[in-house]
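Chemist: Sending over entry_36.pdb (PDB, C-alpha atoms and all ligand atoms).
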```pdb
ATOM      1  CA  MET D  82     111.479 126.694  77.584
ATOM      2  CA  SER D  83     112.083 124.518  74.558
ATOM      3  CA  VAL D  84     115.564 122.989  74.217
ATOM      4  CA  SER D  85     116.581 121.273  70.987
ATOM      5  CA  ILE D  86     119.042 118.400  70.893
ATOM      6  CA  LYS D  87     120.182 119.332  67.395
ATOM      7  CA  GLY D  88     123.589 120.997  67.571
ATOM      8  CA  SER D  89     123.743 120.683  71.349
ATOM      9  CA  VAL D  90     126.731 119.680  73.449
ATOM     10  CA  ALA D  91     125.564 117.261  76.136
ATOM     11  CA  LEU D  92     127.090 115.557  79.161
ATOM     12  CA  VAL D  93     125.678 112.346  80.635
ATOM     13  CA  THR D  94     126.756 110.753  83.934
ATOM     14  CA  GLY D  95     126.677 106.948  83.981
ATOM     15  CA  ALA D  96     126.876 107.017  80.180
ATOM     16  CA  ASN D  97     128.425 103.571  79.687
ATOM     17  CA  ARG D  98     125.349 101.363  80.126
ATOM     18  CA  GLY D  99     121.616 101.193  80.729
ATOM     19  CA  ILE D 100     119.537 104.352  80.503
ATOM     20  CA  GLY D 101     122.604 106.614  80.313
ATOM     21  CA  LYS D 102     123.961 104.851  77.220
ATOM     22  CA  ALA D 103     120.521 105.033  75.579
ATOM     23  CA  ILE D 104     120.408 108.784  76.245
ATOM     24  CA  VAL D 105     123.790 109.188  74.526
ATOM     25  CA  GLU D 106     122.531 107.220  71.512
ATOM     26  CA  SER D 107     119.249 109.151  71.266
ATOM     27  CA  PHE D 108     120.981 112.512  71.603
ATOM     28  CA  LEU D 109     123.429 111.657  68.809
ATOM     29  CA  ALA D 110     120.619 110.285  66.631
ATOM     30  CA  HIS D 111     118.779 113.596  67.068
ATOM     31  CA  GLY D 112     121.775 115.697  66.026
ATOM     32  CA  ALA D 113     123.807 116.472  69.152
ATOM     33  CA  SER D 114     127.197 117.678  67.996
ATOM     34  CA  LYS D 115     129.091 116.142  70.941
ATOM     35  CA  VAL D 116     128.329 114.114  74.062
ATOM     36  CA  TYR D 117     130.639 113.895  77.076
ATOM     37  CA  LEU D 118     130.481 110.424  78.609
ATOM     38  CA  VAL D 119     131.080 110.702  82.338
ATOM     39  CA  VAL D 120     132.029 107.268  83.671
ATOM     40  CA  ARG D 121     133.974 105.652  86.475
ATOM     41  CA  ASN D 122     135.848 103.268  84.190
ATOM     42  CA  GLN D 123     137.210 104.806  80.987
ATOM     43  CA  GLU D 124     137.457 101.380  79.325
ATOM     44  CA  SER D 125     133.680 101.008  79.559
ATOM     45  CA  THR D 126     132.933 103.396  76.678
ATOM     46  CA  GLN D 127     135.075 101.732  73.993
ATOM     47  CA  ALA D 128     132.045 100.481  72.035
ATOM     48  CA  LEU D 129     130.554 103.997  71.987
ATOM     49  CA  HIS D 130     133.863 105.416  70.694
ATOM     50  CA  ARG D 131     133.984 102.815  67.919
ATOM     51  CA  LEU D 132     130.450 103.758  66.869
ATOM     52  CA  TYR D 133     130.543 107.539  67.218
ATOM     53  CA  GLY D 134     134.208 108.538  66.892
ATOM     54  CA  ASP D 135     134.972 112.120  67.917
ATOM     55  CA  LYS D 136     131.327 112.901  68.646
ATOM     56  CA  VAL D 137     131.860 111.315  72.067
ATOM     57  CA  VAL D 138     134.439 112.296  74.679
ATOM     58  CA  THR D 139     135.007 110.139  77.737
ATOM     59  CA  LEU D 140     135.641 111.868  81.065
ATOM     60  CA  GLN D 141     136.498 109.898  84.164
ATOM     61  CA  ALA D 142     134.618 110.876  87.336
ATOM     62  CA  ASP D 143     132.751 109.341  90.225
ATOM     63  CA  VAL D 144     129.743 111.257  91.545
ATOM     64  CA  THR D 145     130.756 110.337  95.109
ATOM     65  CA  ASP D 146     134.101 112.071  94.596
ATOM     66  CA  ALA D 147     133.464 115.827  94.759
ATOM     67  CA  GLU D 148     136.894 116.713  93.347
ATOM     68  CA  SER D 149     136.495 114.511  90.268
ATOM     69  CA  ILE D 150     133.110 116.102  89.582
ATOM     70  CA  SER D 151     134.237 119.710  90.047
ATOM     71  CA  LYS D 152     137.140 119.103  87.618
ATOM     72  CA  LEU D 153     134.561 118.356  84.889
ATOM     73  CA  ALA D 154     133.750 122.061  84.665
ATOM     74  CA  LEU D 155     137.206 122.715  83.186
ATOM     75  CA  LEU D 156     136.942 119.811  80.742
ATOM     76  CA  ALA D 157     133.385 120.396  79.477
ATOM     77  CA  ALA D 158     132.880 124.166  79.546
ATOM     78  CA  ASP D 159     131.012 124.080  76.208
ATOM     79  CA  VAL D 160     128.187 121.875  77.499
ATOM     80  CA  ASN D 161     124.586 123.096  77.293
ATOM     81  CA  ILE D 162     122.626 119.970  78.301
ATOM     82  CA  VAL D 163     123.670 118.138  81.479
ATOM     83  CA  VAL D 164     122.008 114.806  82.280
ATOM     84  CA  ASN D 165     122.568 113.431  85.768
ATOM     85  CA  ASN D 166     121.706 109.779  85.256
ATOM     86  CA  ALA D 167     124.198 107.906  87.477
ATOM     87  CA  GLY D 168     122.384 106.035  90.213
ATOM     88  CA  VAL D 169     122.497 103.001  92.475
ATOM     89  CA  LEU D 170     119.932 100.660  94.001
ATOM     90  CA  ALA D 171     120.704  98.790  97.220
ATOM     91  CA  PRO D 172     117.421  97.004  98.015
ATOM     92  CA  ALA D 173     116.358  97.345 101.655
ATOM     93  CA  ASP D 174     112.976  97.411 103.349
ATOM     94  CA  PRO D 175     112.657  99.820 106.294
ATOM     95  CA  LEU D 176     113.157  97.092 108.936
ATOM     96  CA  SER D 177     115.998  95.208 107.280
ATOM     97  CA  GLU D 178     119.302  95.012 109.118
ATOM     98  CA  HIS D 179     121.150  96.783 106.299
ATOM     99  CA  ILE D 180     118.716  99.701 105.846
ATOM    100  CA  GLU D 181     121.242 102.241 107.181
ATOM    101  CA  ALA D 182     124.059 101.046 104.944
ATOM    102  CA  SER D 183     121.774 100.985 101.890
ATOM    103  CA  LEU D 184     120.390 104.435 102.595
ATOM    104  CA  ARG D 185     123.849 105.960 103.069
ATOM    105  CA  LYS D 186     125.106 104.452  99.817
ATOM    106  CA  GLU D 187     122.043 105.593  97.863
ATOM    107  CA  LEU D 188     122.041 109.098  99.359
ATOM    108  CA  GLU D 189     125.728 109.466  98.521
ATOM    109  CA  VAL D 190     125.226 108.627  94.838
ATOM    110  CA  ASN D 191     121.595 109.516  94.107
ATOM    111  CA  VAL D 192     121.333 112.747  96.124
ATOM    112  CA  PHE D 193     124.795 114.137  96.908
ATOM    113  CA  GLY D 194     125.861 113.099  93.405
ATOM    114  CA  LEU D 195     123.037 115.193  91.956
ATOM    115  CA  VAL D 196     123.943 118.166  94.132
ATOM    116  CA  ARG D 197     127.612 117.930  93.070
ATOM    117  CA  VAL D 198     126.832 117.673  89.368
ATOM    118  CA  ALA D 199     124.272 120.513  89.458
ATOM    119  CA  ASN D 200     126.586 122.855  91.342
ATOM    120  CA  THR D 201     129.528 122.065  89.091
ATOM    121  CA  PHE D 202     127.601 123.012  85.955
ATOM    122  CA  ALA D 203     125.361 125.817  87.263
ATOM    123  CA  ASP D 204     127.570 128.668  86.028
ATOM    124  CA  ILE D 205     128.315 126.956  82.710
ATOM    125  CA  LEU D 206     124.618 126.360  82.015
ATOM    126  CA  GLN D 207     123.824 129.952  82.902
ATOM    127  CA  ILE D 208     126.372 131.148  80.331
ATOM    128  CA  ASN D 209     125.580 128.602  77.605
ATOM    129  CA  GLY D 210     121.803 128.308  78.185
ATOM    130  CA  GLY D 211     120.166 124.917  77.818
ATOM    131  CA  ALA D 212     118.906 122.297  80.241
ATOM    132  CA  PHE D 213     119.601 120.199  83.311
ATOM    133  CA  VAL D 214     118.022 116.743  83.266
ATOM    134  CA  GLN D 215     117.749 114.572  86.402
ATOM    135  CA  ILE D 216     116.810 110.894  86.247
ATOM    136  CA  ASN D 217     114.433 110.373  89.147
ATOM    137  CA  SER D 218     111.816 107.586  89.321
ATOM    138  CA  VAL D 219     108.206 106.712  90.078
ATOM    139  CA  VAL D 220     109.601 105.823  93.515
ATOM    140  CA  SER D 221     110.285 109.545  93.991
ATOM    141  CA  ILE D 222     106.537 109.919  94.642
ATOM    142  CA  LYS D 223     105.667 106.518  96.156
ATOM    143  CA  ASN D 224     107.752 104.356  98.452
ATOM    144  CA  PHE D 225     108.088 100.747  97.282
ATOM    145  CA  THR D 226     108.717  98.722 100.474
ATOM    146  CA  PRO D 227     111.471  96.345  99.217
ATOM    147  CA  PHE D 228     113.275  99.443  97.934
ATOM    148  CA  SER D 229     112.479 101.810 100.796
ATOM    149  CA  SER D 230     115.910 103.382 101.116
ATOM    150  CA  TYR D 231     116.209 103.750  97.326
ATOM    151  CA  SER D 232     112.730 105.350  97.234
ATOM    152  CA  ALA D 233     113.779 107.759  99.991
ATOM    153  CA  SER D 234     116.883 108.745  98.021
ATOM    154  CA  LYS D 235     114.885 109.298  94.841
ATOM    155  CA  ALA D 236     112.282 111.340  96.770
ATOM    156  CA  ALA D 237     115.097 113.515  98.082
ATOM    157  CA  ALA D 238     116.555 113.845  94.581
ATOM    158  CA  TYR D 239     113.137 114.907  93.276
ATOM    159  CA  ALA D 240     112.866 117.553  96.010
ATOM    160  CA  ILE D 241     116.288 118.916  95.022
ATOM    161  CA  THR D 242     115.242 118.837  91.349
ATOM    162  CA  GLN D 243     112.255 121.064  92.166
ATOM    163  CA  GLY D 244     114.575 123.514  93.883
ATOM    164  CA  LEU D 245     116.875 123.466  90.874
ATOM    165  CA  ARG D 246     113.901 124.250  88.633
ATOM    166  CA  ASP D 247     113.243 127.459  90.552
ATOM    167  CA  LYS D 248     116.897 128.501  90.685
ATOM    168  CA  PHE D 249     117.694 127.675  87.064
ATOM    169  CA  ALA D 250     114.483 129.286  85.743
ATOM    170  CA  LYS D 251     115.865 132.652  86.838
ATOM    171  CA  GLN D 252     118.951 131.918  84.708
ATOM    172  CA  GLY D 253     117.054 130.811  81.598
ATOM    173  CA  VAL D 254     117.971 127.140  82.078
ATOM    174  CA  SER D 255     115.291 124.415  81.760
ATOM    175  CA  VAL D 256     115.081 121.584  84.262
ATOM    176  CA  LEU D 257     113.549 118.209  83.413
ATOM    177  CA  SER D 258     112.676 115.646  86.110
ATOM    178  CA  VAL D 259     112.399 112.142  84.604
ATOM    179  CA  HIS D 260     110.325 109.496  86.446
ATOM    180  CA  PRO D 261     110.576 106.091  84.768
ATOM    181  CA  GLY D 262     108.853 102.958  86.032
ATOM    182  CA  PRO D 263     110.677  99.606  85.636
ATOM    183  CA  ILE D 264     113.195  99.780  82.779
ATOM    184  CA  ASP D 265     115.129  96.891  81.243
ATOM    185  CA  THR D 266     118.679  97.551  82.460
ATOM    186  CA  ASP D 267     121.122  95.842  84.821
ATOM    187  CA  MET D 268     119.390  97.689  87.668
ATOM    188  CA  GLY D 269     115.960  96.527  86.481
ATOM    189  CA  VAL D 270     117.170  92.917  86.356
ATOM    190  CA  GLU D 271     118.797  93.237  89.794
ATOM    191  CA  ALA D 272     115.478  94.537  91.170
ATOM    192  CA  ASN D 273     113.676  91.509  89.723
ATOM    193  CA  PHE D 274     111.007  93.551  87.962
ATOM    194  CA  ASP D 275     108.436  91.428  86.081
ATOM    195  CA  GLU D 276     107.601  93.782  83.257
ATOM    196  CA  MET D 277     110.091  96.344  82.062
ATOM    197  CA  ASP D 278     109.976  98.998  79.381
ATOM    198  CA  SER D 279     112.892  99.524  77.016
ATOM    199  CA  VAL D 280     115.567 102.140  77.618
ATOM    200  CA  SER D 281     114.578 103.986  74.434
ATOM    201  CA  ILE D 282     111.202 104.912  76.014
ATOM    202  CA  VAL D 283     113.216 107.014  78.469
ATOM    203  CA  SER D 284     115.848 108.392  76.104
ATOM    204  CA  GLU D 285     113.451 109.326  73.301
ATOM    205  CA  GLY D 286     111.031 110.725  75.883
ATOM    206  CA  ILE D 287     113.756 113.067  77.123
ATOM    207  CA  VAL D 288     114.357 114.418  73.622
ATOM    208  CA  SER D 289     110.624 115.155  73.216
ATOM    209  CA  ALA D 290     110.162 116.567  76.731
ATOM    210  CA  LEU D 291     113.113 118.947  76.289
ATOM    211  CA  ALA D 292     111.640 120.162  72.984
ATOM    212  CA  ALA D 293     108.260 120.662  74.689
ATOM    213  CA  GLY D 294     109.832 122.516  77.629
ATOM    214  CA  ASP D 295     108.219 120.168  80.169
ATOM    215  CA  PHE D 296     109.350 119.829  83.788
ATOM    216  CA  HIS D 297     108.090 116.247  84.320
ATOM    217  CA  LEU D 298     108.500 113.185  82.134
ATOM    218  CA  PHE D 299     106.867 109.852  83.108
ATOM    219  CA  PRO D 300     108.147 107.347  80.535
ATOM    220  CA  GLY D 301     106.780 103.799  80.341
ATOM    221  CA  ALA D 302     103.489 102.036  81.076
ATOM    222  CA  MET D 303     103.589 102.149  84.883
ATOM    223  CA  ALA D 304     104.891 105.698  84.889
ATOM    224  CA  LYS D 305     101.968 106.855  82.721
ATOM    225  CA  ASP D 306      99.533 105.624  85.424
ATOM    226  CA  PHE D 307     101.479 107.601  88.024
ATOM    227  CA  GLU D 308     101.410 110.664  85.790
ATOM    228  CA  ALA D 309      97.626 110.533  85.368
ATOM    229  CA  ALA D 310      96.996 110.236  89.112
ATOM    230  CA  TYR D 311      99.661 112.804  90.071
ATOM    231  CA  ARG D 312      98.781 115.481  87.505
ATOM    232  CA  SER D 313      96.321 117.598  89.539
ATOM    233  CA  TYR D 314      98.592 117.683  92.617
ATOM    234  CA  SER D 315     101.546 118.508  90.450
ATOM    235  CA  GLU D 316      99.767 121.300  88.598
ATOM    236  CA  ALA D 317      98.526 122.789  91.872
ATOM    237  CA  PHE D 318     101.742 122.629  93.884
ATOM    238  CA  ILE D 319     104.801 121.690  91.825
ATOM    239  CA  THR D 320     104.399 123.512  88.530
ATOM    240  CA  PRO D 321     101.677 126.150  89.095
ATOM    241  CA  VAL D 322     101.420 128.618  86.224
TER     242      VAL D 322
HETATM  243  N1  LIG G 401     116.176 100.620  85.576
HETATM  244  C1  LIG G 401     115.079 101.107  86.162
HETATM  245  O1  LIG G 401     114.060 100.402  86.322
HETATM  246  C2  LIG G 401     115.036 102.558  86.618
HETATM  247  C3  LIG G 401     113.786 103.125  86.882
HETATM  248  C4  LIG G 401     113.725 104.448  87.305
HETATM  249  C5  LIG G 401     114.878 105.192  87.445
HETATM  250  N2  LIG G 401     116.089 104.609  87.192
HETATM  251  C6  LIG G 401     117.276 105.445  87.358
HETATM  252  O2  LIG G 401     117.905 105.568  86.085
HETATM  253  C7  LIG G 401     119.295 105.818  86.264
HETATM  254  C8  LIG G 401     120.086 104.831  85.441
HETATM  255  O3  LIG G 401     119.778 103.538  85.919
HETATM  256  P1  LIG G 401     119.986 102.200  85.059
HETATM  257  O4  LIG G 401     118.757 101.413  85.203
HETATM  258  O5  LIG G 401     120.527 102.523  83.720
HETATM  259  O6  LIG G 401     121.092 101.520  86.006
HETATM  260  P2  LIG G 401     122.400 100.667  85.682
HETATM  261  O7  LIG G 401     122.209  99.871  84.455
HETATM  262  O8  LIG G 401     122.708  99.973  86.964
HETATM  263  O9  LIG G 401     123.497 101.807  85.403
HETATM  264  C9  LIG G 401     123.873 102.682  86.440
HETATM  265  C10 LIG G 401     124.856 103.674  85.892
HETATM  266  O10 LIG G 401     125.227 104.586  86.949
HETATM  267  C11 LIG G 401     126.648 104.592  87.055
HETATM  268  N3  LIG G 401     127.084 104.875  88.421
HETATM  269  C12 LIG G 401     126.745 104.209  89.553
HETATM  270  N4  LIG G 401     127.400 104.742  90.603
HETATM  271  C13 LIG G 401     128.156 105.754  90.121
HETATM  272  C14 LIG G 401     129.064 106.666  90.703
HETATM  273  N5  LIG G 401     129.344 106.647  92.022
HETATM  274  N6  LIG G 401     129.660 107.589  89.903
HETATM  275  C15 LIG G 401     129.419 107.619  88.572
HETATM  276  N7  LIG G 401     128.599 106.760  87.941
HETATM  277  C16 LIG G 401     127.973 105.837  88.719
HETATM  278  C17 LIG G 401     127.070 103.187  86.625
HETATM  279  O11 LIG G 401     128.445 103.154  86.322
HETATM  280  P3  LIG G 401     129.310 101.775  86.433
HETATM  281  O12 LIG G 401     129.112 101.051  85.127
HETATM  282  O13 LIG G 401     130.699 102.249  86.663
HETATM  283  O14 LIG G 401     128.760 101.002  87.591
HETATM  284  C18 LIG G 401     126.158 103.007  85.413
HETATM  285  O15 LIG G 401     126.657 103.698  84.310
HETATM  286  C19 LIG G 401     119.555 105.707  87.770
HETATM  287  O16 LIG G 401     119.565 106.997  88.346
HETATM  288  C20 LIG G 401     118.355 104.919  88.269
HETATM  289  O17 LIG G 401     118.106 105.169  89.638
HETATM  290  C21 LIG G 401     116.205 103.313  86.774
END
```
Rewrite the structure of this file - the entire thing - as structure tokens.
Ligand SMILES: NC(=O)c1ccc[n+]([C@@H]2O[C@H](COP(=O)([O-])OP(=O)(O)OC[C@H]3O[C@@H](n4cnc5c(N)ncnc54)[C@H](OP(=O)(O)O)[C@@H]3O)[C@@H](O)[C@H]2O)c1
Modeler:
Amino acid sequence: MSVSIKGSVALVTGANRGIGKAIVESFLAHGASKVYLVVRNQESTQALHRLYGDKVVTLQADVTDAESISKLALLAADVNIVVNNAGVLAPADPLSEHIEASLRKELEVNVFGLVRVANTFADILQINGGAFVQINSVVSIKNFTPFSSYSASKAAAYAITQGLRDKFAKQGVSVLSVHPGPIDTDMGVEANFDEMDSVSIVSEGIVSALAAGDFHLFPGAMAKDFEAAYRSYSEAFITPV
């Protein structure tokens, strides 16, 4: 199902920096009428307010705080595109002494956060139509050893995203699962990636993928290699026609 950004009302978690901020900028450049910026620190969106005025509305919430997320439904009932972008990386290989702590932290944000955001907006999206976008990763389909717990959390998020696709399809709501490779953000720098693609590869890719009605998006050079190798499995088992 094709979803146009033009005239849409969007909501982006983790909208203050990195990929989330780029999504806000791309959506507004493509004609979104309003974007809700869901952030932990309300001060962190001042630059976006200076640039975009009343086209952006900051809402304070933390995806680990179920109450703050459920309150968003009252504040953003006109939304028709929800992007769950907020995420954390706590590097840990499977035998490191902090693997449990890393995995708990990443599951809490990357998986339970997704579940909270999706459930909060399920009824609103059913009424308004539109799309739910989840920022997953290439690590959702291949574990990278130094980031084993992060990969596990993104694999779990991808599994939930597939379930959301089935549930939302019955309600006329599109679901888009985004799988970037290394992207030049604070997280990318923290991970020490050698070669990183720019955030706009992801944000502009989302605009195009929503218009095309796609379920998967693999933005960036590394992600394209994953997409090519994964396509036949995906077509057979994930998105059979
Ligand atoms: N960069 C990459 O190479 C890459 C590749 C594939 C997928 N991804 C995914 O893309 C998404 C964005 O990542 P990024 O690279 O832009 O990372 P980033 O620069 O580290 O930004 C992370 C964003 O998530 C927010 N966030 C973290 N914990 C949160 C919480 N508990 N509640 C609400 N917001 C929270 C942060 O808010 P604060 O400013 O308050 O911390 C920030 O806005 C993540 O889901 C990440 O896993 C990134």
Chemist: Let me have all residues with an atom within 6 Å of ligand LIG 401 (chain G), counting only C-alpha atoms and all ligand atoms, laid out as a compact mmCIF listing (two decimals) with C-alpha atoms, in the coordinates of the input.
Modeler:
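Result file out11.txt:
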```txt
# COMPACT_ATOMS: atom_id res chain seq x y z
CA THR D 94 126.76 110.75 83.93
CA GLY D 95 126.68 106.95 83.98
CA ALA D 96 126.88 107.02 80.18
CA ASN D 97 128.43 103.57 79.69
CA ARG D 98 125.35 101.36 80.13
CA GLY D 99 121.62 101.19 80.73
CA ILE D 100 119.54 104.35 80.50
CA GLY D 101 122.60 106.61 80.31
CA VAL D 120 132.03 107.27 83.67
CA ARG D 121 133.97 105.65 86.48
CA ASN D 122 135.85 103.27 84.19
CA ASP D 143 132.75 109.34 90.22
CA VAL D 144 129.74 111.26 91.54
CA THR D 145 130.76 110.34 95.11
CA ASN D 166 121.71 109.78 85.26
CA ALA D 167 124.20 107.91 87.48
CA GLY D 168 122.38 106.04 90.21
CA VAL D 169 122.50 103.00 92.48
CA VAL D 190 125.23 108.63 94.84
CA ILE D 216 116.81 110.89 86.25
CA ASN D 217 114.43 110.37 89.15
CA SER D 218 111.82 107.59 89.32
CA PRO D 261 110.58 106.09 84.77
CA GLY D 262 108.85 102.96 86.03
CA PRO D 263 110.68 99.61 85.64
CA ILE D 264 113.20 99.78 82.78
CA ASP D 265 115.13 96.89 81.24
CA THR D 266 118.68 97.55 82.46
CA ASP D 267 121.12 95.84 84.82
CA MET D 268 119.39 97.69 87.67
CA GLY D 269 115.96 96.53 86.48
```
Chemist: Residues within 12 Å of Asp135 of chain D, please, as number ranges by chain. Count all atoms listed in the file; anything in the same chain fewer than 5 positions from it doesn't count.
Modeler: D: 109, 114-118, 129-130
Chemist: Output C-alpha atoms for every residue in the selection just made, as an mmCIF file, keeping the file's coordinate frame.
Modeler:
```
data_model
loop_
_atom_site.group_PDB
_atom_site.id
_atom_site.type_symbol
_atom_site.label_atom_id
_atom_site.label_comp_id
_atom_site.auth_asym_id
_atom_site.auth_seq_id
_atom_site.Cartn_x
_atom_site.Cartn_y
_atom_site.Cartn_z
ATOM 1 C CA LEU D 109 123.429 111.657 68.809
ATOM 2 C CA SER D 114 127.197 117.678 67.996
ATOM 3 C CA LYS D 115 129.091 116.142 70.941
ATOM 4 C CA VAL D 116 128.329 114.114 74.062
ATOM 5 C CA TYR D 117 130.639 113.895 77.076
ATOM 6 C CA LEU D 118 130.481 110.424 78.609
ATOM 7 C CA LEU D 129 130.554 103.997 71.987
ATOM 8 C CA HIS D 130 133.863 105.416 70.694
#
```
Chemist: Using atom CA of Asp278 of chain D and atom CA of Val219 of chain D as the two end points, give the distance in Å to one decimal.
Modeler: 13.3 Å
Chemist: Tell me, in Å to one decimal, how far atom CA of Ala157 of chain D is from atom CA of Asp295 of chain D.
Modeler: 25.2 Å
Chemist: Could you expand the PyMOL selection byres (((chain D and resi 182-184) around 10) and not hetatm) into the explicit residues it covers here, written as a count of residues only?
Modeler: 25
Chemist: Got a sec: who's within 10 Å of Phe299 of chain D, counting only C-alpha atoms, leaving out chain neighbours fewer than 3 positions off, as a list in words?
Modeler: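 These residues fall inside the cut-off: Asn217, Ser218, Val219, Ser258, Val259, His260, Pro261, Gly262, Ile282, Val283, Gly286, Ile287, Ala290, Ala302, Met303, Ala304, Lys305, Asp306, Phe307, Glu308 and Ala309 of chain D.
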Chemist: So which one's closest to Ala158 of chain D, D:Ala128, D:Ile205, D:Val220, D:Val138? Using only C-alpha atoms, please.
Modeler: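 Nearest candidate to Ala158 of chain D out of D:Ala128, D:Ile205, D:Val220, D:Val138: D:Ile205.
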Chemist: Grab the atom CA of Tyr311 of chain D to atom CA of Ile222 of chain D distance for me, in Å with one decimal place.
Modeler: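 If I compute the distance from atom CA of Tyr311 of chain D to atom CA of Ile222 of chain D, I get 8.7 Å.
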Chemist: Within 12 Å of Gly88 of chain D, counting all atoms listed in the file, which residues qualify if same-chain residues fewer than 6 places away don't, as a list in words?
Modeler: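 Once the nearby chain positions are removed, what remains is Phe108, Leu109, Ala110, His111, Gly112, Ala113, Ser114, Lys115, Val116, Lys136, Asp159, Val160, Asn161, Ile162 and Gly211 of chain D.
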Chemist: Need the shell around segment 242-249 of chain D: protein/DNA/RNA residues with any atom at most 10 Å away, counting only C-alpha atoms. Skip same-chain ones fewer than 3 positions apart. Format as a PyMOL selection string?
Modeler: chain D and resi 192+195-196+199-200+203-204+206-207+210-217+236-239+252-259+296+319-320
Chemist: Using only C-alpha atoms, find the one residue out of D:Glu106, D:Val163, D:Glu124, D:Leu156 that sits nearest to Val90 of chain D.
Modeler: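 The answer is D:Val163, which sits nearest to Val90 of chain D.
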Chemist: At a cut-off of 8 Å, using only C-alpha atoms, what residues contact Ser107 of chain D? Leave out same-chain residues fewer than 2 positions from it and give the result as a PyMOL selection string.
Modeler: chain D and resi 103-105+109-111+281+284-285+288
Chemist: Could the centre and edge lengths of an axis-aligned box, enclosing all atoms of segment 106-123 of chain D in the file with 4 Å extra on each side, be given in Å to one decimal as AutoDock Vina command-line options?
Modeler:
```
--center_x 128.0 --center_y 110.5 --center_z 76.3 --size_x 26.4 --size_y 22.4 --size_z 28.4
```
Chemist: Please complete segment 179-190 of chain D with N, CA, C and O atoms and give it back as a compact mmCIF listing (two decimals), in the coordinates of the input.
Modeler:
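What follows is the written file result_39.txt:
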```txt
# COMPACT_ATOMS: atom_id res chain seq x y z
N HIS D 179 120.20 95.94 107.04
CA HIS D 179 121.15 96.78 106.30
C HIS D 179 120.53 98.09 105.77
O HIS D 179 121.08 98.72 104.89
N ILE D 180 119.38 98.48 106.34
CA ILE D 180 118.72 99.70 105.85
C ILE D 180 119.64 100.93 105.94
O ILE D 180 119.70 101.73 105.02
N GLU D 181 120.39 101.05 107.03
CA GLU D 181 121.24 102.24 107.18
C GLU D 181 122.34 102.27 106.12
O GLU D 181 122.59 103.30 105.50
N ALA D 182 122.97 101.11 105.92
CA ALA D 182 124.06 101.05 104.94
C ALA D 182 123.52 101.33 103.54
O ALA D 182 124.15 102.07 102.76
N SER D 183 122.36 100.77 103.22
CA SER D 183 121.77 100.98 101.89
C SER D 183 121.43 102.46 101.69
O SER D 183 121.74 103.05 100.65
N LEU D 184 120.81 103.04 102.71
CA LEU D 184 120.39 104.44 102.60
C LEU D 184 121.59 105.37 102.43
O LEU D 184 121.59 106.28 101.60
N ARG D 185 122.64 105.12 103.19
CA ARG D 185 123.85 105.96 103.07
C ARG D 185 124.44 105.88 101.67
O ARG D 185 124.79 106.89 101.06
N LYS D 186 124.53 104.65 101.15
CA LYS D 186 125.11 104.45 99.82
C LYS D 186 124.25 105.17 98.76
O LYS D 186 124.77 105.85 97.88
N GLU D 187 122.94 105.01 98.87
CA GLU D 187 122.04 105.59 97.86
C GLU D 187 122.00 107.12 97.98
O GLU D 187 121.96 107.81 96.96
N LEU D 188 122.02 107.63 99.21
CA LEU D 188 122.04 109.10 99.36
C LEU D 188 123.33 109.67 98.76
O LEU D 188 123.31 110.71 98.11
N GLU D 189 124.43 108.96 98.99
CA GLU D 189 125.73 109.47 98.52
C GLU D 189 125.76 109.59 96.99
O GLU D 189 126.23 110.60 96.46
N VAL D 190 125.22 108.59 96.31
CA VAL D 190 125.23 108.63 94.84
C VAL D 190 124.01 109.40 94.31
O VAL D 190 124.16 110.34 93.50
```
